[in-house]
file run_11.cif (mmCIF, C-alpha atoms)
data_final
#
loop_
_atom_site.group_PDB
_atom_site.id
_atom_site.type_symbol
_atom_site.label_atom_id
_atom_site.label_comp_id
_atom_site.auth_asym_id
_atom_site.auth_seq_id
_atom_site.Cartn_x
_atom_site.Cartn_y
_atom_site.Cartn_z
ATOM 1 C CA MET A 1 0.000 0.000 0.000
ATOM 2 C CA ILE A 2 1.228 3.489 -0.850
ATOM 3 C CA GLU A 3 1.266 6.185 1.772
ATOM 4 C CA SER A 4 1.010 9.905 1.204
ATOM 5 C CA THR A 5 1.879 12.626 3.677
ATOM 6 C CA SER A 6 0.177 15.949 4.219
ATOM 7 C CA ALA A 7 1.826 19.199 3.231
ATOM 8 C CA VAL A 8 2.693 19.810 6.898
ATOM 9 C CA GLY A 9 4.647 16.562 7.007
ATOM 10 C CA ASN A 10 3.313 15.578 10.427
ATOM 11 C CA GLU A 11 3.735 11.803 10.944
ATOM 12 C CA GLY A 12 0.327 11.637 12.645
ATOM 13 C CA ASP A 13 -1.358 12.970 9.493
ATOM 14 C CA ARG A 14 -0.305 10.069 7.237
ATOM 15 C CA LYS A 15 -3.161 8.393 5.426
ATOM 16 C CA ALA A 16 -3.185 5.245 3.368
ATOM 17 C CA THR A 17 -3.888 5.940 -0.293
ATOM 18 C CA PRO A 18 -5.396 3.076 -2.251
ATOM 19 C CA PRO A 19 -3.327 1.927 -5.228
ATOM 20 C CA SER A 20 -4.347 3.263 -8.627
ATOM 21 C CA THR A 21 -5.795 0.990 -11.312
ATOM 22 C CA GLU A 22 -2.405 0.854 -13.013
ATOM 23 C CA GLU A 23 -0.762 -0.296 -9.757
ATOM 24 C CA HIS A 24 -3.369 -3.088 -9.376
ATOM 25 C CA ARG A 25 -2.640 -4.507 -12.824
ATOM 26 C CA GLN A 26 0.002 -7.169 -13.228
ATOM 27 C CA PHE A 27 0.244 -6.803 -17.016
ATOM 28 C CA GLN A 28 0.421 -3.878 -19.414
ATOM 29 C CA ARG A 29 -2.823 -2.936 -21.199
ATOM 30 C CA ILE A 30 -2.987 -1.942 -24.864
ATOM 31 C CA SER A 31 -5.623 0.565 -26.025
ATOM 32 C CA ILE A 32 -7.814 -0.674 -28.872
ATOM 33 C CA ARG A 33 -11.318 -0.120 -30.237
ATOM 34 C CA GLN A 34 -12.999 -3.398 -31.130
ATOM 35 C CA GLU A 35 -16.618 -4.485 -31.530
ATOM 36 C CA ALA A 36 -17.644 -7.336 -29.202
ATOM 37 C CA GLN A 37 -20.636 -8.913 -27.501
ATOM 38 C CA LEU A 38 -21.292 -10.342 -24.044
ATOM 39 C CA LEU A 39 -23.386 -13.314 -22.946
ATOM 40 C CA PRO A 40 -23.875 -14.286 -19.295
ATOM 41 C CA VAL A 41 -22.290 -17.539 -18.119
ATOM 42 C CA GLY A 42 -24.445 -19.832 -16.020
ATOM 43 C CA HIS A 43 -27.319 -22.232 -15.945
ATOM 44 C CA GLY A 44 -30.644 -21.268 -17.524
ATOM 45 C CA ARG A 45 -29.231 -18.372 -19.538
ATOM 46 C CA LEU A 46 -29.613 -19.874 -23.007
ATOM 47 C CA GLU A 47 -32.353 -17.380 -23.858
ATOM 48 C CA ALA A 48 -30.171 -14.369 -22.957
ATOM 49 C CA ARG A 49 -29.663 -11.737 -25.630
ATOM 50 C CA PRO A 50 -26.108 -10.561 -26.304
ATOM 51 C CA ILE A 51 -25.014 -7.160 -25.041
ATOM 52 C CA HIS A 52 -23.062 -5.253 -27.703
ATOM 53 C CA VAL A 53 -19.961 -3.565 -26.255
ATOM 54 C CA CYS A 54 -16.759 -1.881 -27.389
ATOM 55 C CA ILE A 55 -13.403 -3.194 -26.152
ATOM 56 C CA GLN A 56 -11.262 -0.253 -24.956
ATOM 57 C CA ASP A 57 -8.118 -1.978 -23.735
ATOM 58 C CA ILE A 58 -6.718 -5.472 -23.441
ATOM 59 C CA GLY A 59 -3.846 -7.252 -21.703
ATOM 60 C CA LEU A 60 -2.803 -10.700 -20.512
ATOM 61 C CA GLY A 61 -4.743 -10.401 -17.247
ATOM 62 C CA GLY A 62 -7.926 -8.727 -18.385
ATOM 63 C CA ILE A 63 -9.886 -6.464 -20.645
ATOM 64 C CA GLY A 64 -11.744 -3.155 -20.406
ATOM 65 C CA VAL A 65 -15.007 -2.511 -22.254
ATOM 66 C CA LEU A 66 -17.590 0.213 -22.683
ATOM 67 C CA SER A 67 -21.058 -1.254 -22.047
ATOM 68 C CA PRO A 68 -24.601 0.153 -22.318
ATOM 69 C CA THR A 69 -25.572 -2.021 -19.322
ATOM 70 C CA ARG A 70 -24.407 -2.108 -15.702
ATOM 71 C CA LEU A 71 -22.888 -5.498 -14.852
ATOM 72 C CA ASP A 72 -22.767 -7.035 -11.373
ATOM 73 C CA LEU A 73 -19.379 -7.399 -9.701
ATOM 74 C CA ASP A 74 -18.020 -10.971 -9.765
ATOM 75 C CA SER A 75 -20.516 -11.998 -12.463
ATOM 76 C CA MET A 76 -19.182 -14.221 -15.255
ATOM 77 C CA TRP A 77 -19.514 -13.336 -18.936
ATOM 78 C CA ARG A 78 -18.531 -14.821 -22.277
ATOM 79 C CA LEU A 79 -17.025 -12.060 -24.438
ATOM 80 C CA SER A 80 -16.926 -12.630 -28.197
ATOM 81 C CA VAL A 81 -14.727 -10.468 -30.431
ATOM 82 C CA LEU A 82 -16.572 -9.562 -33.632
ATOM 83 C CA ARG A 83 -15.300 -8.645 -37.098
ATOM 84 C CA ARG A 84 -17.960 -7.632 -39.600
ATOM 85 C CA GLY A 85 -20.557 -9.377 -37.440
ATOM 86 C CA HIS A 86 -18.669 -12.691 -37.209
ATOM 87 C CA VAL A 87 -17.187 -14.144 -34.000
ATOM 88 C CA MET A 88 -13.394 -14.222 -34.304
ATOM 89 C CA ALA A 89 -12.597 -15.334 -30.744
ATOM 90 C CA ASP A 90 -14.282 -15.659 -27.367
ATOM 91 C CA HIS A 91 -13.279 -16.095 -23.752
ATOM 92 C CA THR A 92 -14.779 -16.129 -20.250
ATOM 93 C CA PHE A 93 -14.244 -13.136 -17.966
ATOM 94 C CA MET A 94 -15.296 -12.033 -14.467
ATOM 95 C CA VAL A 95 -16.414 -8.459 -13.735
ATOM 96 C CA ARG A 96 -13.964 -6.761 -11.364
ATOM 97 C CA HIS A 97 -15.326 -3.213 -11.573
ATOM 98 C CA CYS A 98 -18.179 -1.370 -13.257
ATOM 99 C CA ARG A 99 -18.354 2.420 -13.240
ATOM 100 C CA LYS A 100 -21.034 4.625 -14.785
ATOM 101 C CA VAL A 101 -19.494 7.299 -17.041
ATOM 102 C CA GLN A 102 -22.771 8.727 -18.407
ATOM 103 C CA ASP A 103 -26.362 7.656 -19.037
ATOM 104 C CA LEU A 104 -26.426 4.118 -20.466
ATOM 105 C CA GLN A 105 -22.641 3.938 -20.584
ATOM 106 C CA TYR A 106 -20.433 1.998 -18.150
ATOM 107 C CA VAL A 107 -16.715 1.260 -18.077
ATOM 108 C CA VAL A 108 -16.338 -2.406 -17.120
ATOM 109 C CA GLY A 109 -13.094 -4.106 -16.096
ATOM 110 C CA PHE A 110 -12.902 -7.859 -16.610
ATOM 111 C CA GLN A 111 -10.411 -10.401 -15.274
ATOM 112 C CA CYS A 112 -9.573 -13.495 -17.346
ATOM 113 C CA CYS A 113 -10.979 -16.832 -16.144
ATOM 114 C CA LEU A 114 -10.350 -20.448 -17.063
ATOM 115 C CA ASP A 115 -12.887 -22.017 -19.364
ATOM 116 C CA ALA A 116 -14.671 -25.210 -18.324
ATOM 117 C CA SER A 117 -13.156 -26.966 -21.361
ATOM 118 C CA PHE A 118 -9.655 -26.310 -19.987
ATOM 119 C CA LEU A 119 -10.623 -27.858 -16.656
ATOM 120 C CA LEU A 120 -12.176 -30.855 -18.415
ATOM 121 C CA ALA A 121 -9.013 -31.348 -20.473
ATOM 122 C CA THR A 122 -6.997 -31.539 -17.245
ATOM 123 C CA GLY A 123 -9.409 -34.070 -15.734
ATOM 124 C CA ILE A 124 -11.191 -31.730 -13.318
ATOM 125 C CA ASP A 125 -14.913 -32.344 -12.790
ATOM 126 C CA PHE A 126 -16.161 -28.778 -13.312
ATOM 127 C CA ASN A 127 -19.554 -29.369 -11.649
ATOM 128 C CA ARG A 128 -17.964 -30.422 -8.368
ATOM 129 C CA LEU A 129 -15.509 -27.546 -8.484
ATOM 130 C CA SER A 130 -18.220 -24.939 -9.109
ATOM 131 C CA ASP A 131 -20.158 -26.158 -6.036
ATOM 132 C CA THR A 132 -17.315 -25.122 -3.708
ATOM 133 C CA HIS A 133 -17.166 -21.634 -2.209
ATOM 134 C CA HIS A 134 -13.572 -21.070 -1.162
ATOM 135 C CA SER A 135 -12.485 -17.562 -2.111
ATOM 136 C CA ASN A 136 -8.776 -16.802 -2.177
ATOM 137 C CA SER A 137 -7.752 -20.252 -0.968
ATOM 138 C CA PHE A 138 -6.548 -23.529 -2.382
ATOM 139 C CA ILE A 139 -8.727 -26.579 -2.056
ATOM 140 C CA SER A 140 -7.732 -30.209 -2.124
ATOM 141 C CA SER A 141 -7.967 -31.950 -5.483
ATOM 142 C CA TYR A 142 -9.357 -35.047 -3.743
ATOM 143 C CA GLY A 143 -12.719 -35.811 -5.323
ATOM 144 C CA LEU A 144 -12.338 -33.190 -8.054
ATOM 145 C CA ILE A 145 -10.393 -35.301 -10.518
ATOM 146 C CA GLU A 146 -12.453 -37.929 -12.275
ATOM 147 C CA ASP A 147 -11.142 -41.480 -12.301
ATOM 148 C CA SER A 148 -10.079 -42.320 -15.860
ATOM 149 C CA GLU A 149 -9.852 -46.051 -15.187
#
call {"tool": "encode", "arguments": {"input": "run_11.cif", "output": "structure tokens"}}
result
Amino acid sequence: MIESTSAVGNEGDRKATPPSTEEHRQFQRISIRQEAQLLPVGHGRLEARPIHVCIQDIGLGGIGVLSPTRLDLDSMWRLSVLRRGHVMADHTFMVRHCRKVQDLQYVVGFQCCLDASFLLATGIDFNRLSDTHHSNSFISSYGLIEDSE
């Protein structure tokens, strides 16, 4: 955490200043403008309509978009990159921040997430893993890996 001092310089006046967005990021972001769409991830959301967004910046750890809709923190979304209306690539992301910049316009920061297909390829039973609620901790792999015999 970064500390700032007052102009007087009195040690008792020190206050903790939260790190800026740039200090939170582990990877450099590159500014781009790219058409994309979002679909919610989860059960019973097959009927969901895509939300059309504009990608503003991208990096190894996440992506920033401009959205016409407010998105809930920690919600999961499938973002598809579009070129001339065709999906070029897609990936799953989790909302880390959502800030209103004007009416019907929000800046949304997403963090990259593993796709279920990656977990399946490594032998992890995704359904059992998604039923656990252990934030910021490791859990035992016992019972998560399917027997291949």
call {"tool": "closest_residue", "arguments": {"input": "run_11.cif", "among": "A:Pro50, A:Leu114, A:Gly109, A:Gln37", "to": "A:Thr92", "atoms": "only C-alpha atoms"}}
result
A:Leu114
call {"tool": "atom_distance", "arguments": {"input": "run_11.cif", "atom1": "atom CA of A:Met94", "atom2": "atom CA of A:Ala48"}}
result
17.3 Å
call {"tool": "residues_around", "arguments": {"input": "run_11.cif", "residues": "stretch 55-59 of chain A", "least_positions_apart": "6", "cutoff": "8 Å", "atoms": "only C-alpha atoms", "output": "ChimeraX atom specification"}}
result
/A:27-36,65-66
call {"tool": "resolve_selection", "arguments": {"input": "run_11.cif", "expression": "the PyMOL selection byres ((chain A and resi 71) around 8)", "output": "ChimeraX atom specification"}}
result
/A:69-70,72-73,75,95,98,108
call {"tool": "write_last_selection", "arguments": {"input": "run_11.cif", "atoms": "C-alpha atoms", "output": "PDB file, keeping the file's coordinate frame"}}
result
ATOM      1  CA  THR A  69     -25.572  -2.021 -19.322  1.00  0.00           C
ATOM      2  CA  ARG A  70     -24.407  -2.108 -15.702  1.00  0.00           C
ATOM      3  CA  ASP A  72     -22.767  -7.035 -11.373  1.00  0.00           C
ATOM      4  CA  LEU A  73     -19.379  -7.399  -9.701  1.00  0.00           C
ATOM      5  CA  SER A  75     -20.516 -11.998 -12.463  1.00  0.00           C
ATOM      6  CA  VAL A  95     -16.414  -8.459 -13.735  1.00  0.00           C
ATOM      7  CA  CYS A  98     -18.179  -1.370 -13.257  1.00  0.00           C
ATOM      8  CA  VAL A 108     -16.338  -2.406 -17.120  1.00  0.00           C
TER       9      VAL A 108
END
call {"tool": "atom_distance", "arguments": {"input": "run_11.cif", "atom1": "atom CA of A:Leu39", "atom2": "atom CA of A:Asp115"}}
result
14.1 Å
call {"tool": "atom_distance", "arguments": {"input": "run_11.cif", "atom1": "atom CA of A:Asp90", "atom2": "atom CA of A:Ser117"}}
result
12.9 Å
call {"tool": "resolve_selection", "arguments": {"input": "run_11.cif", "expression": "the PyMOL selection byres ((chain A and resi 91) around 10)", "output": "PyMOL selection string"}}
result
chain A and resi 38+77-81+89-90+92-93+112-115
